[in-house]
file target-v2.cif (mmCIF, C-alpha atoms and all ligand atoms)
data_work
#
loop_
_atom_site.label_atom_id
_atom_site.label_comp_id
_atom_site.auth_asym_id
_atom_site.auth_seq_id
_atom_site.Cartn_x
_atom_site.Cartn_y
_atom_site.Cartn_z
CA MET A 261 -87.00 -6.34 -124.34
CA PHE A 262 -84.35 -5.59 -126.98
CA ASP A 263 -81.19 -3.87 -125.84
CA ASN A 264 -79.60 -1.65 -128.48
CA LYS A 265 -76.28 -1.51 -126.68
CA THR A 266 -75.63 -5.25 -126.71
CA ASN A 267 -77.70 -6.06 -129.78
CA LYS A 268 -79.33 -8.76 -127.69
CA GLN A 269 -82.60 -9.46 -126.02
CA PHE A 270 -82.32 -8.26 -122.40
CA LEU A 271 -82.86 -11.12 -119.99
CA PRO A 272 -84.53 -9.57 -116.95
CA PHE A 273 -83.61 -10.72 -113.45
CA GLY A 274 -87.17 -11.69 -112.62
CA LYS A 275 -89.36 -12.50 -115.57
CA PRO A 276 -93.05 -13.07 -114.93
CA VAL A 277 -94.66 -15.20 -117.62
CA LEU A 278 -98.29 -16.12 -117.21
CA GLU A 279 -100.10 -19.07 -118.71
CA GLU A 280 -103.39 -18.60 -120.54
CA GLU A 281 -105.48 -19.96 -117.62
CA GLU A 282 -103.95 -17.38 -115.31
CA ILE A 283 -104.82 -14.54 -117.66
CA GLN A 284 -108.29 -16.06 -118.10
CA ALA A 285 -108.86 -16.15 -114.33
CA VAL A 286 -108.13 -12.43 -114.06
CA SER A 287 -110.39 -11.64 -117.06
CA ASP A 288 -113.19 -13.58 -115.40
CA VAL A 289 -112.92 -11.41 -112.29
CA LEU A 290 -112.88 -8.23 -114.37
CA ARG A 291 -116.06 -9.37 -116.14
CA SER A 292 -117.73 -10.43 -112.90
CA GLY A 293 -118.12 -6.85 -111.74
CA TRP A 294 -116.51 -7.60 -108.34
CA ILE A 295 -112.88 -6.47 -108.45
CA THR A 296 -111.95 -5.75 -104.83
CA THR A 297 -111.98 -8.01 -101.74
CA GLY A 298 -114.66 -10.64 -102.22
CA PRO A 299 -115.28 -14.33 -102.97
CA LYS A 300 -111.95 -14.90 -104.79
CA THR A 301 -110.00 -13.51 -101.84
CA ALA A 302 -111.96 -15.78 -99.48
CA GLU A 303 -111.20 -18.79 -101.71
CA PHE A 304 -107.50 -17.94 -101.99
CA GLN A 305 -107.25 -17.53 -98.20
CA LYS A 306 -108.80 -20.96 -97.68
CA LEU A 307 -106.56 -22.67 -100.25
CA PHE A 308 -103.45 -20.94 -98.91
CA SER A 309 -104.17 -21.81 -95.27
CA GLU A 310 -104.60 -25.44 -96.35
CA TYR A 311 -101.37 -25.34 -98.34
CA VAL A 312 -99.30 -24.10 -95.38
CA GLY A 313 -101.31 -26.09 -92.82
CA MET A 314 -102.28 -23.11 -90.65
CA LYS A 315 -105.76 -22.41 -89.30
CA ARG A 316 -106.20 -18.89 -90.61
CA ALA A 317 -104.95 -16.80 -93.53
CA LEU A 318 -105.72 -13.18 -94.30
CA GLY A 319 -105.19 -11.83 -97.82
CA LEU A 320 -103.36 -8.50 -97.88
CA SER A 321 -101.92 -5.91 -100.24
CA SER A 322 -98.31 -6.91 -99.44
CA CYS A 323 -96.01 -8.89 -97.19
CA THR A 324 -94.87 -5.61 -95.67
CA ALA A 325 -98.48 -4.99 -94.56
CA GLY A 326 -98.54 -8.52 -93.13
CA LEU A 327 -95.34 -8.05 -91.14
CA PHE A 328 -96.58 -4.72 -89.77
CA LEU A 329 -99.98 -6.19 -88.87
CA GLY A 330 -98.20 -9.17 -87.30
CA LEU A 331 -96.37 -6.81 -84.92
CA LYS A 332 -99.52 -4.72 -84.25
CA ILE A 333 -101.78 -7.63 -83.29
CA PHE A 334 -99.25 -8.72 -80.68
CA GLY A 335 -99.13 -5.21 -79.28
CA ILE A 336 -95.59 -4.20 -80.29
CA LYS A 337 -95.24 -0.51 -79.44
CA GLU A 338 -92.93 2.35 -78.57
CA GLY A 339 -90.07 1.37 -76.30
CA ASP A 340 -90.15 -2.32 -77.29
CA GLU A 341 -87.28 -4.10 -78.97
CA VAL A 342 -87.65 -6.56 -81.83
CA ILE A 343 -84.76 -8.80 -82.88
CA LEU A 344 -84.11 -9.65 -86.54
CA PRO A 345 -81.24 -10.70 -88.79
CA THR A 346 -79.39 -7.79 -90.42
CA MET A 347 -79.30 -9.81 -93.67
CA THR A 348 -82.79 -9.14 -95.01
CA PHE A 349 -84.85 -6.77 -97.10
CA THR A 350 -85.52 -3.42 -95.49
CA ALA A 351 -89.29 -4.09 -95.10
CA THR A 352 -88.61 -6.49 -92.21
CA ALA A 353 -86.98 -3.70 -90.19
CA ASN A 354 -89.02 -0.73 -91.44
CA VAL A 355 -92.24 -2.12 -89.96
CA ILE A 356 -90.61 -2.32 -86.53
CA VAL A 357 -89.77 1.38 -86.83
CA HIS A 358 -93.38 2.10 -87.87
CA CYS A 359 -94.55 0.53 -84.59
CA GLY A 360 -92.25 2.90 -82.70
CA ALA A 361 -90.11 -0.04 -81.59
CA VAL A 362 -86.35 -0.50 -81.96
CA PRO A 363 -84.97 -2.93 -84.56
CA VAL A 364 -82.18 -4.97 -82.93
CA PHE A 365 -80.02 -6.56 -85.61
CA VAL A 366 -78.04 -9.76 -85.11
CA ASP A 367 -75.48 -11.55 -87.28
CA VAL A 368 -76.16 -14.46 -89.61
CA ASP A 369 -74.54 -17.76 -90.45
CA LEU A 370 -71.75 -17.25 -93.00
CA GLU A 371 -72.88 -20.22 -95.09
CA THR A 372 -76.67 -19.89 -95.19
CA GLY A 373 -77.16 -16.18 -94.40
CA ASN A 374 -79.82 -17.12 -91.85
CA MET A 375 -79.98 -15.73 -88.31
CA ILE A 376 -77.69 -17.39 -85.74
CA PRO A 377 -79.98 -18.65 -82.93
CA GLU A 378 -77.29 -18.05 -80.26
CA ALA A 379 -76.82 -14.45 -81.47
CA PHE A 380 -80.57 -13.94 -81.14
CA GLU A 381 -80.53 -15.34 -77.59
CA LYS A 382 -77.65 -13.04 -76.61
CA ALA A 383 -79.46 -9.96 -77.90
CA ILE A 384 -82.53 -10.47 -75.68
CA THR A 385 -83.07 -7.73 -73.07
CA PRO A 386 -85.97 -7.00 -70.69
CA ARG A 387 -87.42 -4.76 -73.44
CA THR A 388 -87.43 -7.47 -76.14
CA LYS A 389 -90.97 -8.39 -77.18
CA ALA A 390 -90.59 -10.28 -80.46
CA VAL A 391 -88.25 -11.88 -82.97
CA MET A 392 -88.61 -11.78 -86.75
CA PRO A 393 -86.82 -14.70 -88.36
CA VAL A 394 -86.29 -14.63 -92.14
CA HIS A 395 -85.97 -17.78 -94.26
CA LEU A 396 -83.38 -16.23 -96.54
CA TYR A 397 -83.51 -17.16 -100.24
CA GLY A 398 -86.10 -19.84 -99.36
CA ARG A 399 -83.80 -21.93 -97.19
CA PRO A 400 -85.44 -22.60 -93.81
CA ALA A 401 -83.72 -20.80 -90.91
CA GLU A 402 -82.91 -22.77 -87.74
CA ILE A 403 -86.47 -22.04 -86.82
CA GLU A 404 -87.08 -24.77 -84.24
CA LYS A 405 -84.18 -23.45 -82.14
CA ILE A 406 -85.30 -19.86 -82.64
CA TYR A 407 -88.89 -20.71 -81.73
CA ASN A 408 -87.83 -22.54 -78.55
CA ILE A 409 -85.57 -19.68 -77.43
CA ALA A 410 -88.42 -17.23 -78.09
CA LYS A 411 -90.96 -19.23 -76.09
CA LYS A 412 -88.51 -19.70 -73.19
CA ASN A 413 -88.25 -15.90 -73.06
CA ASN A 414 -91.94 -15.09 -73.65
CA LEU A 415 -91.31 -13.53 -77.06
CA TYR A 416 -93.59 -13.54 -80.09
CA VAL A 417 -92.28 -15.03 -83.32
CA ILE A 418 -93.41 -13.06 -86.38
CA ALA A 419 -91.80 -14.74 -89.36
CA ASP A 420 -90.84 -13.15 -92.66
CA CYS A 421 -91.78 -15.89 -95.13
CA ALA A 422 -91.41 -13.68 -98.23
CA HIS A 423 -88.93 -16.17 -99.75
CA ALA A 424 -90.39 -19.25 -98.10
CA THR A 425 -93.76 -20.04 -99.67
CA GLU A 426 -92.74 -23.68 -100.32
CA SER A 427 -90.20 -24.07 -97.48
CA ARG A 428 -90.70 -27.00 -95.12
CA ILE A 429 -88.87 -28.95 -92.42
CA ASN A 430 -89.82 -32.64 -92.36
CA ASP A 431 -93.00 -31.82 -94.27
CA LEU A 432 -94.08 -29.14 -91.78
CA HIS A 433 -94.31 -25.69 -93.27
CA VAL A 434 -91.76 -23.29 -91.72
CA ALA A 435 -94.62 -20.92 -90.82
CA SER A 436 -95.74 -23.54 -88.26
CA PHE A 437 -92.85 -22.39 -86.07
CA SER A 438 -94.25 -18.92 -85.52
CA ASP A 439 -97.09 -17.03 -83.87
CA ALA A 440 -97.79 -15.35 -87.19
CA ALA A 441 -96.05 -15.39 -90.56
CA ALA A 442 -96.23 -13.09 -93.58
CA PHE A 443 -95.85 -14.09 -97.25
CA SER A 444 -95.13 -11.97 -100.31
CA PHE A 445 -96.77 -12.32 -103.72
CA TYR A 446 -94.78 -9.45 -105.25
CA ALA A 447 -93.99 -9.72 -108.98
CA THR A 448 -90.63 -11.47 -108.55
CA LYS A 449 -91.59 -13.89 -105.76
CA ASN A 450 -92.27 -17.62 -106.28
CA LEU A 451 -96.03 -17.05 -106.11
CA ALA A 452 -96.49 -13.77 -107.97
CA VAL A 453 -99.62 -11.69 -108.41
CA GLY A 454 -97.98 -8.28 -108.93
CA GLU A 455 -98.61 -6.90 -105.46
CA GLY A 456 -100.06 -8.96 -102.63
CA GLY A 457 -99.37 -10.80 -99.40
CA MET A 458 -100.84 -13.09 -96.78
CA LEU A 459 -100.72 -13.23 -93.00
CA VAL A 460 -101.17 -16.72 -91.50
CA SER A 461 -101.52 -17.94 -87.93
CA ASP A 462 -102.98 -20.76 -85.84
CA ASN A 463 -104.15 -18.22 -83.25
CA GLU A 464 -107.78 -17.56 -84.19
CA GLU A 465 -108.32 -14.92 -81.56
CA ILE A 466 -105.40 -12.82 -82.77
CA MET A 467 -106.52 -13.25 -86.39
CA GLU A 468 -109.92 -11.80 -85.45
CA LYS A 469 -108.01 -8.71 -84.41
CA ALA A 470 -106.06 -8.72 -87.69
CA GLY A 471 -109.37 -9.09 -89.54
CA VAL A 472 -110.53 -5.79 -88.07
CA LEU A 473 -107.27 -3.80 -88.25
CA PHE A 474 -106.51 -4.64 -91.90
CA LEU A 475 -109.60 -2.79 -93.17
CA HIS A 476 -110.01 0.57 -91.43
CA GLY A 477 -110.85 -1.01 -88.05
CA MET A 478 -114.39 -1.69 -89.21
CA SER A 479 -116.34 -4.30 -87.33
CA LYS A 480 -117.65 -5.61 -90.69
CA GLY A 481 -115.62 -5.77 -93.91
CA ALA A 482 -116.61 -4.44 -97.32
CA PHE A 483 -117.57 -7.96 -98.39
CA SER A 484 -120.46 -8.23 -95.97
CA ARG A 485 -121.27 -4.53 -96.36
CA TYR A 486 -122.00 -4.89 -100.06
CA SER A 487 -122.86 -8.58 -100.46
CA ALA A 488 -126.26 -10.09 -101.24
CA SER A 489 -126.95 -10.44 -97.54
CA GLY A 490 -127.65 -6.75 -97.65
CA PHE A 491 -126.54 -3.51 -96.09
CA LYS A 492 -125.00 -3.83 -92.66
CA MET A 493 -124.26 -1.19 -90.09
CA TYR A 494 -120.66 -1.17 -89.04
CA ASP A 495 -118.85 0.25 -86.08
CA ILE A 496 -115.27 1.53 -86.05
CA VAL A 497 -113.60 -0.28 -83.18
CA ASP A 498 -110.00 0.82 -83.87
CA ALA A 499 -108.07 3.24 -86.12
CA GLY A 500 -107.23 0.55 -88.68
CA TYR A 501 -105.35 0.43 -91.96
CA LYS A 502 -106.12 -0.21 -95.64
CA PHE A 503 -104.31 -3.47 -96.35
CA ASN A 504 -106.91 -5.63 -98.14
CA MET A 505 -106.23 -7.89 -101.12
CA THR A 506 -108.26 -7.45 -104.30
CA ASP A 507 -110.11 -10.27 -106.06
CA ILE A 508 -108.05 -9.44 -109.16
CA SER A 509 -104.89 -10.44 -107.26
CA ALA A 510 -106.58 -13.36 -105.51
CA SER A 511 -107.82 -14.92 -108.77
CA LEU A 512 -104.24 -14.90 -110.08
CA GLY A 513 -103.00 -16.18 -106.72
CA ILE A 514 -105.32 -19.19 -106.89
CA GLU A 515 -103.95 -20.12 -110.33
CA GLN A 516 -100.34 -19.53 -109.23
CA LEU A 517 -100.84 -21.73 -106.18
CA LYS A 518 -102.05 -24.59 -108.40
CA ARG A 519 -98.78 -24.40 -110.36
CA LEU A 520 -96.42 -23.68 -107.46
CA GLU A 521 -95.02 -27.18 -106.85
CA LYS A 522 -94.64 -27.89 -110.57
CA ARG A 523 -92.70 -24.65 -110.95
CA LEU A 524 -90.55 -25.46 -107.91
CA LYS A 525 -89.42 -28.64 -109.74
CA LYS A 526 -88.27 -26.42 -112.61
CA ARG A 527 -86.44 -24.14 -110.16
CA GLU A 528 -84.67 -27.16 -108.68
CA GLU A 529 -83.61 -28.26 -112.14
CA ILE A 530 -82.12 -24.84 -112.99
CA TRP A 531 -80.49 -24.71 -109.55
CA ARG A 532 -78.71 -28.04 -110.22
CA ARG A 533 -77.50 -26.84 -113.61
CA TYR A 534 -76.10 -23.67 -112.08
CA ASP A 535 -74.39 -25.65 -109.29
CA GLU A 536 -72.70 -27.93 -111.82
CA ALA A 537 -71.70 -25.11 -114.14
CA PHE A 538 -70.14 -22.90 -111.46
CA PHE A 539 -68.37 -25.66 -109.55
CA SER A 540 -65.09 -25.07 -111.40
CA LEU A 541 -65.14 -21.27 -111.11
CA PRO A 542 -63.63 -19.21 -108.25
CA VAL A 543 -67.11 -18.52 -106.91
CA LYS A 544 -68.99 -19.98 -103.97
CA THR A 545 -72.24 -21.70 -104.85
CA PRO A 546 -75.15 -21.93 -102.36
CA PRO A 547 -74.65 -24.48 -99.54
CA LEU A 548 -76.21 -27.93 -100.00
CA VAL A 549 -79.50 -28.63 -98.28
CA PRO A 550 -79.68 -31.37 -95.62
CA ASP A 551 -82.23 -34.20 -95.80
CA GLY A 552 -85.68 -33.28 -94.56
CA ILE A 553 -85.28 -29.63 -95.53
CA LYS A 554 -87.34 -28.27 -98.40
CA HIS A 555 -85.75 -25.18 -99.93
CA ALA A 556 -88.05 -22.86 -101.92
CA ARG A 557 -85.17 -22.04 -104.33
CA HIS A 558 -86.29 -18.43 -104.49
CA LEU A 559 -82.92 -16.78 -105.07
CA TYR A 560 -79.75 -18.30 -106.50
CA THR A 561 -76.80 -16.41 -105.05
CA LEU A 562 -73.10 -16.69 -105.83
CA ARG A 563 -70.24 -15.20 -103.85
CA VAL A 564 -66.97 -13.94 -105.19
CA GLN A 565 -64.17 -12.75 -102.92
CA LYS A 566 -62.80 -10.09 -105.30
CA ASN A 567 -64.09 -7.52 -107.79
CA ARG A 568 -67.75 -8.34 -107.23
CA ASP A 569 -69.01 -5.02 -108.56
CA LYS A 570 -66.95 -5.23 -111.77
CA ILE A 571 -68.24 -8.74 -112.38
CA LEU A 572 -71.81 -7.56 -111.80
CA SER A 573 -71.42 -4.72 -114.32
CA ALA A 574 -69.86 -7.07 -116.87
CA ILE A 575 -72.83 -9.45 -116.61
CA GLN A 576 -75.32 -6.59 -116.83
CA ASP A 577 -73.47 -5.18 -119.87
CA GLU A 578 -74.04 -8.49 -121.64
CA GLY A 579 -77.77 -8.02 -121.15
CA VAL A 580 -78.34 -10.39 -118.23
CA GLY A 581 -80.14 -8.97 -115.20
CA VAL A 582 -78.40 -9.38 -111.84
CA SER A 583 -79.10 -8.20 -108.33
CA ILE A 584 -77.71 -8.10 -104.76
CA HIS A 585 -79.56 -9.83 -101.90
CA PHE A 586 -78.80 -8.08 -99.74
CA THR A 587 -76.62 -5.30 -98.43
CA ALA A 588 -77.07 -5.89 -94.67
CA LEU A 589 -79.41 -3.37 -93.09
CA HIS A 590 -76.87 -2.11 -90.55
CA LEU A 591 -74.78 -0.81 -93.47
CA HIS A 592 -77.58 1.49 -94.70
CA SER A 593 -77.51 5.16 -93.75
CA PHE A 594 -80.93 5.33 -92.03
CA TYR A 595 -80.13 2.52 -89.61
CA GLN A 596 -76.64 3.91 -89.00
CA GLN A 597 -77.82 7.48 -88.37
CA ILE A 598 -80.87 6.72 -86.24
CA TYR A 599 -79.71 3.66 -84.28
CA GLY A 600 -75.91 3.97 -84.40
CA TYR A 601 -75.18 0.79 -86.29
CA LYS A 602 -71.72 0.62 -87.85
CA ARG A 603 -69.67 -1.54 -90.17
CA GLY A 604 -67.73 -4.03 -88.08
CA MET A 605 -70.66 -5.07 -85.90
CA PHE A 606 -71.80 -8.13 -87.87
CA PRO A 607 -68.82 -9.58 -89.77
CA ASN A 608 -70.59 -12.54 -91.40
CA ALA A 609 -73.37 -10.38 -92.81
CA GLU A 610 -70.77 -7.86 -94.02
CA ASN A 611 -68.82 -10.59 -95.77
CA ILE A 612 -71.99 -11.72 -97.55
CA SER A 613 -72.99 -8.13 -98.39
CA ASP A 614 -69.64 -7.47 -100.05
CA THR A 615 -69.38 -10.68 -102.05
CA THR A 616 -72.87 -11.84 -103.02
CA PHE A 617 -74.77 -11.49 -106.27
CA SER A 618 -77.94 -13.11 -107.56
CA ILE A 619 -78.57 -14.39 -111.06
CA PRO A 620 -81.90 -15.08 -112.79
CA MET A 621 -83.81 -17.95 -111.15
CA THR A 622 -87.29 -18.30 -112.50
CA PRO A 623 -89.09 -21.38 -113.80
CA TYR A 624 -89.71 -19.49 -117.04
CA LEU A 625 -86.09 -19.60 -118.15
CA THR A 626 -85.66 -21.64 -121.30
CA ASP A 627 -82.71 -24.02 -121.69
CA GLU A 628 -81.05 -21.48 -124.00
CA GLU A 629 -81.50 -18.73 -121.44
CA VAL A 630 -80.00 -20.86 -118.67
CA GLU A 631 -77.01 -21.56 -120.96
CA ARG A 632 -76.72 -17.86 -121.73
CA VAL A 633 -76.69 -16.95 -118.02
CA ILE A 634 -74.03 -19.58 -117.33
CA ALA A 635 -71.80 -18.47 -120.22
CA THR A 636 -72.17 -14.79 -119.29
CA VAL A 637 -71.32 -15.35 -115.62
CA ARG A 638 -68.37 -17.57 -116.53
CA LYS A 639 -66.96 -14.98 -118.94
CA ALA A 640 -67.38 -12.12 -116.46
CA VAL A 641 -65.76 -14.03 -113.59
CA GLU A 642 -62.86 -15.24 -115.73
CA LEU A 643 -62.30 -11.74 -117.07
CA HIS A 644 -62.37 -9.86 -113.76
CA TYR A 645 -61.58 -12.24 -110.94
CA ASN A 646 -57.81 -12.15 -111.22
CA ARG A 647 -57.56 -8.56 -112.35
CA ASP A 648 -56.16 -6.14 -109.84
CA LYS A 649 -58.18 -3.06 -108.95
C1 LIG B 701 -90.04 -9.00 -100.96
C2 LIG B 701 -89.71 -9.04 -99.51
C3 LIG B 701 -90.53 -8.42 -98.54
C4 LIG B 701 -91.65 -7.49 -98.91
O1 LIG B 701 -92.64 -8.06 -99.66
P1 LIG B 701 -93.78 -7.08 -100.28
O2 LIG B 701 -94.86 -8.06 -100.67
O3 LIG B 701 -93.17 -6.40 -101.45
O4 LIG B 701 -94.21 -6.16 -99.22
C5 LIG B 701 -90.23 -8.61 -97.22
N1 LIG B 701 -89.17 -9.33 -96.82
C6 LIG B 701 -88.35 -9.92 -97.72
C7 LIG B 701 -87.19 -10.73 -97.21
C8 LIG B 701 -88.58 -9.77 -99.09
O5 LIG B 701 -87.73 -10.31 -99.97
#

call {"tool": "encode", "arguments": {"input": "target-v2.cif", "output": "structure tokens"}}
result
Amino acid sequence: MFDNKTNKQFLPFGKPVLEEEEIQAVSDVLRSGWITTGPKTAEFQKLFSEYVGMKRALGLSSCTAGLFLGLKIFGIKEGDEVILPTMTFTATANVIVHCGAVPVFVDVDLETGNMIPEAFEKAITPRTKAVMPVHLYGRPAEIEKIYNIAKKNNLYVIADCAHATESRINDLHVASFSDAAAFSFYATKNLAVGEGGMLVSDNEEIMEKAGVLFLHGMSKGAFSRYSASGFKMYDIVDAGYKFNMTDISASLGIEQLKRLEKRLKKREEIWRRYDEAFFSLPVKTPPLVPDGIKHARHLYTLRVQKNRDKILSAIQDEGVGVSIHFTALHLHSFYQQIYGYKRGMFPNAENISDTTFSIPMTPYLTDEEVERVIATVRKAVELHYNRDK
């Protein structure tokens, strides 16, 4: 993308580049004549469940669909409360609202941005039914603590693993510490198919329920309806949804999964270069990761105590894409107007919201592009940090 204003190639925040085999896999599906849910989806589900080490995986149209389905299969309904960190993408909270339940926000750790387990415990009431931990930026949350608190209080754990496809604690995937977990394969995520998601769980009974609800509530899915085994009568056993994954997405997902760990190595390399480059600037780099913790390196975030928005504009004006992850949900008008949340309630999340910005972090960045990002950020920070408003 050429930008006439800067006379430079625009460097997008999230740049999907696909290798020839990935494009070939999608072409093969298009030529096969079977483009919706079918054998490729079944294969991707199997490979993904093996990768995360969970018994069952259900391919879906998005992570948002997975989070919603995760709440539905555990019976979350009107009048229930669900606890979640306020520092997350709006999808995590929106699905609680769609169930008729109340999203109960709690504050996050100032360093990692992940939910504070003690804050979660304090927010539990007799109406609390579930907790939705988020592994922010790909760094595992204190999920063992959260899981234990949840089980002590008879709560379901439905994890938002949108950033956490590769995240592990002592080789165990973070999704292991949940009753169900949802993943995102959106265009900018570590495993990207455009639009797509996956719900995983070790609870086979509950996944049977998910396997009915995700496709209209039909007792038999489209795959068996139209497959070689012939026409099958189906019964509608519930008013279900339309959340299925297509074989077009799944074929790309299979190829992306093969390359995931190799690409994570590249992310780690870029991460280290950023850490070194920004060490001397008046910005806060992401906290170091303790031994035994595998970080998915999904988002590289910096924090600057002053003039964040001016710095952001200056970087963008130089043709480098930047973003904010996130403005805490309790600062957004819907959650303030409907649930009475206000600024001042969650100081750590507010501090992060006001100071954070994310810079490009994809394995497709060339060495020159990494250098360009570093030089652009350095220039913008040096120019604006000490300027008064
Ligand atoms: C991207 C994202 C989602 C939503 O994923 P979709 O696949 O787009 O539905 C949910 N939670 C978080 C934290 C995300 O970053």

call {"tool": "axis_aligned_box", "arguments": {"input": "target-v2.cif", "around": "ligand LIG 701 (chain B)", "padding_each_side": "3 Å", "output": "lines of an AutoDock Vina configuration file"}}
result
center_x = -91.0
center_y = -8.4
center_z = -99.1
size_x = 13.7
size_y = 10.6
size_z = 10.6

call {"tool": "residues_around", "arguments": {"input": "target-v2.cif", "residues": "segment 296-311 of chain A", "least_positions_apart": "4", "cutoff": "10 Å", "atoms": "only C-alpha atoms", "output": "mmCIF file with C-alpha atoms, keeping the file's coordinate frame"}}
result
data_model
loop_
_atom_site.group_PDB
_atom_site.id
_atom_site.type_symbol
_atom_site.label_atom_id
_atom_site.label_comp_id
_atom_site.auth_asym_id
_atom_site.auth_seq_id
_atom_site.Cartn_x
_atom_site.Cartn_y
_atom_site.Cartn_z
ATOM 1 C CA VAL A 289 -112.920 -11.410 -112.290
ATOM 2 C CA LEU A 290 -112.880 -8.230 -114.370
ATOM 3 C CA LYS A 315 -105.760 -22.410 -89.300
ATOM 4 C CA ARG A 316 -106.200 -18.890 -90.610
ATOM 5 C CA ALA A 317 -104.950 -16.800 -93.530
ATOM 6 C CA LEU A 318 -105.720 -13.180 -94.300
ATOM 7 C CA GLY A 319 -105.190 -11.830 -97.820
ATOM 8 C CA LEU A 320 -103.360 -8.500 -97.880
ATOM 9 C CA THR A 425 -93.760 -20.040 -99.670
ATOM 10 C CA GLU A 426 -92.740 -23.680 -100.320
ATOM 11 C CA HIS A 433 -94.310 -25.690 -93.270
ATOM 12 C CA MET A 458 -100.840 -13.090 -96.780
ATOM 13 C CA LEU A 459 -100.720 -13.230 -93.000
ATOM 14 C CA VAL A 460 -101.170 -16.720 -91.500
ATOM 15 C CA SER A 461 -101.520 -17.940 -87.930
ATOM 16 C CA ASP A 462 -102.980 -20.760 -85.840
ATOM 17 C CA GLY A 481 -115.620 -5.770 -93.910
ATOM 18 C CA ALA A 482 -116.610 -4.440 -97.320
ATOM 19 C CA PHE A 483 -117.570 -7.960 -98.390
ATOM 20 C CA SER A 484 -120.460 -8.230 -95.970
ATOM 21 C CA TYR A 486 -122.000 -4.890 -100.060
ATOM 22 C CA SER A 487 -122.860 -8.580 -100.460
ATOM 23 C CA ASN A 504 -106.910 -5.630 -98.140
ATOM 24 C CA MET A 505 -106.230 -7.890 -101.120
ATOM 25 C CA THR A 506 -108.260 -7.450 -104.300
ATOM 26 C CA ASP A 507 -110.110 -10.270 -106.060
ATOM 27 C CA ILE A 508 -108.050 -9.440 -109.160
ATOM 28 C CA SER A 509 -104.890 -10.440 -107.260
ATOM 29 C CA ALA A 510 -106.580 -13.360 -105.510
ATOM 30 C CA SER A 511 -107.820 -14.920 -108.770
ATOM 31 C CA LEU A 512 -104.240 -14.900 -110.080
ATOM 32 C CA GLY A 513 -103.000 -16.180 -106.720
ATOM 33 C CA ILE A 514 -105.320 -19.190 -106.890
ATOM 34 C CA GLU A 515 -103.950 -20.120 -110.330
ATOM 35 C CA LEU A 517 -100.840 -21.730 -106.180
ATOM 36 C CA LYS A 518 -102.050 -24.590 -108.400
#

call {"tool": "residues_around", "arguments": {"input": "target-v2.cif", "residues": "Gly326 of chain A", "least_positions_apart": "6", "cutoff": "10 Å", "atoms": "all atoms listed in the file", "output": "list in words"}}
result
Leu318, Gly319, Leu320, Lys332, Val355, Ile418, Ala419, Asp420, Ala440, Ala441, Ala442, Phe443, Ser444, Gly456, Gly457, Met458, Leu459, Val460, Ala470, Phe474 and Phe503 of chain A

call {"tool": "closest_residue", "arguments": {"input": "target-v2.cif", "among": "A:Phe270, A:Phe606, A:Phe617, A:Phe586", "to": "Ala379 of chain A", "atoms": "only C-alpha atoms"}}
result
A:Phe606

call {"tool": "atom_distance", "arguments": {"input": "target-v2.cif", "atom1": "atom CA of His555 of chain A", "atom2": "atom CA of Thr372 of chain A"}}
result
11.5 Å

call {"tool": "decode", "arguments": {"input": "target-v2.cif", "residues": "segment 433-463 of chain A", "atoms": "C-alpha atoms", "output": "short mmCIF file (atom, residue, chain, number, x, y, z; two decimals), in the first residue's frame"}}
result
data_model
loop_
_atom_site.label_atom_id
_atom_site.label_comp_id
_atom_site.auth_asym_id
_atom_site.auth_seq_id
_atom_site.Cartn_x
_atom_site.Cartn_y
_atom_site.Cartn_z
CA HIS A 433 -1.70 -25.46 27.23
CA VAL A 434 -3.44 -22.64 29.14
CA ALA A 435 -6.80 -23.92 27.85
CA SER A 436 -6.30 -26.97 30.11
CA PHE A 437 -7.22 -24.74 33.05
CA SER A 438 -10.79 -24.17 31.89
CA ASP A 439 -14.10 -25.92 31.36
CA ALA A 440 -14.14 -24.58 27.82
CA ALA A 441 -11.89 -22.20 25.90
CA ALA A 442 -12.39 -20.21 22.70
CA PHE A 443 -9.72 -19.32 20.11
CA SER A 444 -9.72 -16.70 17.37
CA PHE A 445 -8.42 -17.16 13.84
CA TYR A 446 -9.29 -13.59 12.79
CA ALA A 447 -7.03 -11.98 10.16
CA THR A 448 -4.62 -10.38 12.64
CA LYS A 449 -4.33 -13.27 15.11
CA ASN A 450 -1.33 -15.63 15.34
CA LEU A 451 -3.22 -18.35 13.47
CA ALA A 452 -5.14 -16.42 10.83
CA VAL A 453 -7.74 -17.65 8.37
CA GLY A 454 -9.65 -14.39 7.85
CA GLU A 455 -12.63 -15.21 10.05
CA GLY A 456 -12.82 -18.30 12.22
CA GLY A 457 -12.62 -19.71 15.72
CA MET A 458 -12.53 -22.89 17.77
CA LEU A 459 -14.16 -24.02 21.00
CA VAL A 460 -12.23 -26.67 22.94
CA SER A 461 -13.05 -28.68 26.04
CA ASP A 462 -12.29 -31.97 27.80
CA ASN A 463 -15.98 -32.33 28.69
#
